[in-house]
Amino acid sequence: MISPATADLRLANGATGADTLSDWRVADEPYYTAAGDEVEAFEAAHARHLPVMLKGPTGCGKTRFVEYVAWKLGVPLITVACHEDLTAGDLIGRFLLDAEGTRWQDGPLTRAVRFGAICYLDEVVEARADTTVLIHPLTDARRQLPLAATGELLHAHPDFRLVVSYNPGYHGLHKTLKPSTRQRFTALEFGYPDAAHECAIVMHESGVEAGTARQLVALAERTRRLAGDGLDEGASTRMLIHAGALIAQGLSARSACRQAVAGPLTDDREVAAALIAAIDASFA
Amino acid sequence: MPASPDPGSSRALSLYLRALWNVAPRLAALPATHDTARPILGIEGSRPVLHLPATGDAALQRARAAHAAAHLSFGGEPFERARLKPVQRALLEILEDARVEWLAMQALPGLRRLWAPHHVADASWGNGAEALLARLSRCLFEPAHEDGHAWMARVRGLFFTPDGRLALETPAQLRDIASRLGNDVGQMRLRLNPGGWQIEPVAYRDDNHHLWPRDDMLPPSATPLEQERPDANGASDDDDADTTFERPPPQGAPGSDAGDAAASVLQIESALRTVTYPEWDRLIGRTRPDWCTVIEAQAPRSDASALRAGLERHLARTVRLLQASAMSDRRPTQGRSKDGDLLHTGALIDAGIALRAGRDPEHRLYRDSAARVESLDVLLLIDTSASTALSLPSGRTVLATLREAALLAAAALEATGHRCIVQAFASDTRHRVRVQRVKDRAERTGDDAVLARAGGLVSAGSTRMGAALRHATAQMPIRSRSLILLLTDGEPHDVDIHDPRYLTEDLAHALNEARRAGVAVACLHSAPDGASSTLRRIFPTGGYVALRAPEHLPHLLIRQMQTATGKF
């Protein structure tokens with residue numbers, strides 16, 4: 001009773017061709033300053049069709065990095081934020097019903113495979129195990145994606161690349177990637193930028209003065225000392241940008257940091273008290 | 001203010017010091033009886049120790065700790081005492097205090113706000129020696145303050161450069177200036193009270209004894225600091241204050257506690273396995289590896305007919321409530337869902353009909369992915385320490401109440417499709433943490449063997465919760481929703497630990513480890529003296545509940561399960 005309209009669809013999609021992904025092209029150069037040779041490393045993996053895993057704490061610039069290299073390489077970027085209810089269908093696609101009957105709708109992964117884009121699975125460990133297995137045939141020499149629902153076997157477009165991000169810090173024992181998955185990737189390690197870099201980023205993204213940016217970065221350094229004891233992770237670069245934006249908006253530095261740093265970092269009253277006191281000490 | 005600082009605020013203080021200066025002094029309390037006490041900083045030994053007076057609000061404690069941290073961060077070698085008169089030494093201490101605070105405030109300007117309320121001396125204090133020194137402290141702390149005294153201006157001129165930087169960089173310079181200023185004070189014909197100043201003008205500053213080398217000619221203090229602070233004079237004339245102790249590890253007594261099985265209050269008939277676990281030692285601020293020995297054994301059997309009767313009395317209602325709660329989580333979808341991967345055949349036909357009839361079709365077109373209610377792995381951990389032999393207001397012992405609650409919970413969990421283990425624990429030093437198996441995953445709660453083992457639990461030993469919790473966490477299967485439910489009457493305690501905060505902080509660390517392993521931990525507490533503020537504080541919000549009567553168990557259980565399933 002379900003008659004897959006795949007052939008028609010493929011025709012429709014084929015007619016629009018490369019423009020299909022125009023929305024996913026990164027139009028303007030994203031602000032990114034390299035900390036080391038990560039851009040070259042990514043380009044090398046890209047040239048040889050190797051999947052890449054970006055490891056690092058939250059808010060240190062992994063997503064921004066992918067946007068930057070996608071822009072630099074001129075390849076569309078399809079991002080999927082993974083969560084624990086993400087099913088195979090959410091990635092691959094599913095049948096929908098419209099006035100004509102059922103219609104197959106590509107999921108983001110299928111779209112990237114079919115038309116050639118970087119598919120970026122953000123926080124891939126959050127996805128269910130059966131979902132991560134899907135990417136296996138795409139990450140080796142086969143580069144293919146079987147679509148069980150339509151009976152189709154998709155061969156990846158030459159521009160298709162797979163990138164995942166992964167925060168080894170806080171997931172604990174229950175959430176790690178299986179060796180059979182992780183060994184398919186090459187890995188780039190990310191950390192927080194060094195102080196000078198981080199200052200420049202905070203200034204650029206939030207519009208605060210150099211002095212304020214330096215104070216924010218120094219505060220972040222202080223909170224990062226508590227990682228593993230009291231905090232899972234210290235303040236991220238993203239948090240500093242938020243705090244900077246609030247300051248640029250006219251808030252006092254202390255209020256801004258309470259709102260953008262202390263509050264989001266912890267619910268533990270004692271840790272919060274220590275953080276607020278540290279914020280008070282850090283700003284005149 | 002309690003007699004000893006609230007451990008909670010001391011944890012906040014430790015985190016504060018670590019974050020700002022990356023220093024981790026051990027924090028200890030001075031007795032509350034001396035309300036003029038100054039903090040005492042000990043820097044000898046492998047880890048600095050900061051003794052804080054018990055009096056004072058959070059802001060004062062923070063000011064004290066921040067000042068001590070400035071010493072730790074910017075201080076140098078002790079000054080030579082030779083040839084310095086008391087007034088010169090007092091001046092040198094003031095200059096050094098001002099120097100380290102000035103350096104600290106360069107990186108952390110907000111500290112000025114913390115310390116400023118304590119600098120209040122001005123010309124109205126008069127021209128006595130102590131008043132002048134207090135006024136000097138203020139002038140050096142607050143360069144903009146106009147004191148009006150020519151000598152203050154002179155000291156400031158020596159201490160700061162014209163552009164407001166520190167003029168005194170080296171200990172030799174400080175010492176030189178202090179002795180010159182001491183002569184000034186002499187010429188002003190002022191005499192410093194030989195016992196030091198009695199009126200402490202800057203309350204948050206420590207007694208500065210660490211600025212001077214130990215004088216072995218002076219008799220050592222007979223009393224350890226943690227029990228008794230040096231008397232009021234000794235606090236300032238402190239050369240003899242001996243704070244060089246580093247306490248030995250708390251369980252260091254050789255032989256006496258080393259797992260003497262024959263003498264132990266805990267009987268273990270045939271150990272099934274022995275595992276060692278680390279323990280957090282707050283004194284060294286580190287985890288001691290392989291520190292606690294957990295011995296696992298089967299619980300002995302005993303008569304169980306009374307238990308069965310109690311179980312049957314409450315079980316039906318508990319199961320009904322749990323089932324009702326599980327059903328309310330699930331929407332009546334007839335297997336259809338608004339989203340999913342596979343289309344629901346019946347829904348498609350219905351939709352086709354609806355479309356042809358010109359009606360809006362139903363939105364739920366997919367097969368419901370069913371398992372919305374995931375089954376849980378639950379480990380019920382019963383505290384069987386000696387104190388559980390006490391009676392509750394109901395007339396029953398704590399152990400009987402906890403045991404019935406655990407069996408009821410286990411039976412109800414099984415009946416609603418969850419997996420469940422029941423174990424009991426007690427300890428007798430770190431060498432002997434006994435965990436007794438009451439019910440394994442494969443057994444049913446109603447089995448005779450399980451009830452007999454539950455009946456065989458007896459109250460004995462102590463409550464080393466951290467080790468028991470680590471053992472429980474290690475047993476939880478990976479990649480499942482898991483919950484450890486701790487049923488207890490008290491707070492962490494063991495006979496080889498005399499520091500009330502030691503095992504509590506270890507438990508907090510064990511809880512954190514469980515959380516990071518993805519295991520939710522909750523605590524059901526039932527004790528003759530009511531709720532436990534310690535446990536309430538260290539368990540996450542909602543993770544601690546006081547169990548007043550077994551009838552309340554179903555509701556509490558549902559709440560804990562919802563917390564566990566909703567949490568991650």
# chains A, B, ... in the order shown; residues from 1 in each chain; ligands from 1
call {"tool": "interface_residues", "arguments": {"of": "chain B", "to": "chain A", "cutoff": "7 Å", "atoms": "only C-alpha atoms", "output": "tab-separated table (two decimals) with C-alpha atoms, in the first residue's frame"}}
result
chain	number	residue	atom	x	y	z
B	8	GLY	CA	29.09	23.97	53.51
B	9	SER	CA	30.56	27.43	53.68
B	11	ARG	CA	33.56	24.03	50.89
B	12	ALA	CA	32.51	27.25	49.20
B	13	LEU	CA	35.58	28.91	50.68
B	15	LEU	CA	36.48	26.46	45.93
B	16	TYR	CA	36.83	30.23	46.13
B	18	ARG	CA	41.22	27.43	44.40
B	19	ALA	CA	39.50	29.43	41.70
B	20	LEU	CA	41.13	32.74	42.50
B	108	LEU	CA	41.54	41.03	41.51
B	109	PRO	CA	40.39	44.62	41.99
B	110	GLY	CA	37.12	43.50	43.57
B	111	LEU	CA	39.02	42.43	46.69
B	341	ASP	CA	9.88	6.34	11.54
B	478	ILE	CA	26.28	0.44	31.71
B	479	ARG	CA	23.86	2.05	29.27
B	516	ARG	CA	29.17	11.28	36.28
B	517	ALA	CA	28.70	7.57	35.67
B	518	GLY	CA	25.08	8.34	34.82
call {"tool": "select_by_dssp", "arguments": {"residues": "segment 39-236 of chain A", "states": "strand (DSSP E or B)", "output": "PyMOL selection string"}}
result
chain A and resi 52-55+77-81+93-98+101-106+118-122+144-147+152-155+161-166+186-189+227+231
call {"tool": "closest_residue", "arguments": {"among": "B:Met476, B:Leu322, B:Leu27, B:Met105", "to": "Cys420 of chain B", "atoms": "only C-alpha atoms"}}
result
B:Met476
call {"tool": "closest_residue", "arguments": {"among": "A:Cys199, A:Leu145, A:Val163, A:Leu134", "to": "Ala117 of chain A", "atoms": "only C-alpha atoms"}}
result
A:Val163
call {"tool": "atom_distance", "arguments": {"atom1": "atom CA of Ala153 of chain B", "atom2": "atom CA of Leu60 of chain B"}}
result
29.0 Å
call {"tool": "residues_around", "arguments": {"residues": "segment 401-412 of chain B", "least_positions_apart": "3", "cutoff": "6 Å", "atoms": "only C-alpha atoms", "output": "NGL selection string"}}
result
:B and (311 or 319 or 398 or 415 or 445)
call {"tool": "write_last_selection", "arguments": {"atoms": "N, CA and C atoms", "output": "compact mmCIF listing (two decimals), in the first residue's frame"}}
result
# COMPACT_ATOMS: atom_id res chain seq x y z
N LEU B 311 4.70 -7.24 53.90
CA LEU B 311 4.84 -6.96 52.47
C LEU B 311 3.48 -7.02 51.79
N VAL B 319 1.82 -1.12 44.16
CA VAL B 319 1.90 -1.49 42.75
C VAL B 319 0.88 -0.70 41.94
N VAL B 398 14.33 1.12 63.56
CA VAL B 398 14.65 1.75 62.29
C VAL B 398 14.92 0.68 61.23
N ALA B 415 7.01 -5.61 39.99
CA ALA B 415 5.66 -5.77 39.44
C ALA B 415 5.40 -4.79 38.32
N THR B 445 11.23 -10.81 44.79
CA THR B 445 11.21 -10.35 46.17
C THR B 445 10.42 -11.29 47.07
call {"tool": "residues_around", "arguments": {"residues": "Leu77 of chain A", "least_positions_apart": "4", "cutoff": "12 Å", "atoms": "only C-alpha atoms", "output": "MDAnalysis selection string"}}
result
chainID A and resid 21:27 63:73 108:109 111:113 115:121 159:163
call {"tool": "residues_around", "arguments": {"residues": "His49 of chain A", "least_positions_apart": "3", "cutoff": "10 Å", "atoms": "only C-alpha atoms", "output": "PyMOL selection string"}}
result
chain A and resi 43-46+52+139-141+143+158-162
call {"tool": "closest_residue", "arguments": {"among": "B:Ser73, B:Thr397, B:Thr287, B:Thr429", "to": "His498 of chain B", "atoms": "only C-alpha atoms"}}
result
B:Thr429
call {"tool": "atom_distance", "arguments": {"atom1": "atom CA of Asp147 of chain B", "atom2": "atom CA of Ala121 of chain B"}}
result
9.0 Å
call {"tool": "closest_residue", "arguments": {"among": "B:Trp151, B:Trp115, B:Trp280, B:Phe425", "to": "Asn127 of chain B", "atoms": "only C-alpha atoms"}}
result
B:Trp151
call {"tool": "closest_residue", "arguments": {"among": "A:His197, A:His204, A:His83, A:Arg238", "to": "Gly36 of chain A", "atoms": "only C-alpha atoms"}}
result
A:His197
call {"tool": "decode", "arguments": {"residues": "segment 105-140 of chain A", "atoms": "C-alpha atoms", "output": "mmCIF file, in the first residue's frame"}}
result
data_model
loop_
_atom_site.group_PDB
_atom_site.id
_atom_site.type_symbol
_atom_site.label_atom_id
_atom_site.label_comp_id
_atom_site.auth_asym_id
_atom_site.auth_seq_id
_atom_site.Cartn_x
_atom_site.Cartn_y
_atom_site.Cartn_z
ATOM 1 C CA GLN A 105 11.309 13.266 2.562
ATOM 2 C CA ASP A 106 15.098 13.152 2.802
ATOM 3 C CA GLY A 107 16.569 13.645 6.230
ATOM 4 C CA PRO A 108 19.596 15.889 6.702
ATOM 5 C CA LEU A 109 22.115 13.065 6.377
ATOM 6 C CA THR A 110 20.527 11.725 3.220
ATOM 7 C CA ARG A 111 20.427 15.204 1.761
ATOM 8 C CA ALA A 112 24.141 15.696 2.418
ATOM 9 C CA VAL A 113 24.960 12.286 0.934
ATOM 10 C CA ARG A 114 22.793 12.817 -2.110
ATOM 11 C CA PHE A 115 23.815 16.336 -3.031
ATOM 12 C CA GLY A 116 27.263 16.721 -1.533
ATOM 13 C CA ALA A 117 27.717 18.606 1.716
ATOM 14 C CA ILE A 118 29.545 18.353 5.000
ATOM 15 C CA CYS A 119 27.161 16.670 7.417
ATOM 16 C CA TYR A 120 28.051 17.816 10.927
ATOM 17 C CA LEU A 121 26.627 15.744 13.762
ATOM 18 C CA ASP A 122 27.010 17.966 16.795
ATOM 19 C CA GLU A 123 27.437 16.086 20.112
ATOM 20 C CA VAL A 124 27.154 12.735 18.414
ATOM 21 C CA VAL A 125 27.302 10.726 21.666
ATOM 22 C CA GLU A 126 23.945 12.120 22.621
ATOM 23 C CA ALA A 127 22.335 10.223 19.759
ATOM 24 C CA ARG A 128 21.029 6.717 20.340
ATOM 25 C CA ALA A 129 23.382 3.873 19.593
ATOM 26 C CA ASP A 130 21.243 2.562 16.710
ATOM 27 C CA THR A 131 21.515 5.969 15.107
ATOM 28 C CA THR A 132 25.286 6.132 15.205
ATOM 29 C CA VAL A 133 25.539 2.720 13.535
ATOM 30 C CA LEU A 134 23.879 4.256 10.472
ATOM 31 C CA ILE A 135 26.960 6.229 9.651
ATOM 32 C CA HIS A 136 29.251 3.221 9.518
ATOM 33 C CA PRO A 137 28.920 2.412 5.794
ATOM 34 C CA LEU A 138 29.424 6.100 5.041
ATOM 35 C CA THR A 139 32.697 6.336 6.884
ATOM 36 C CA ASP A 140 34.689 3.636 5.122
#
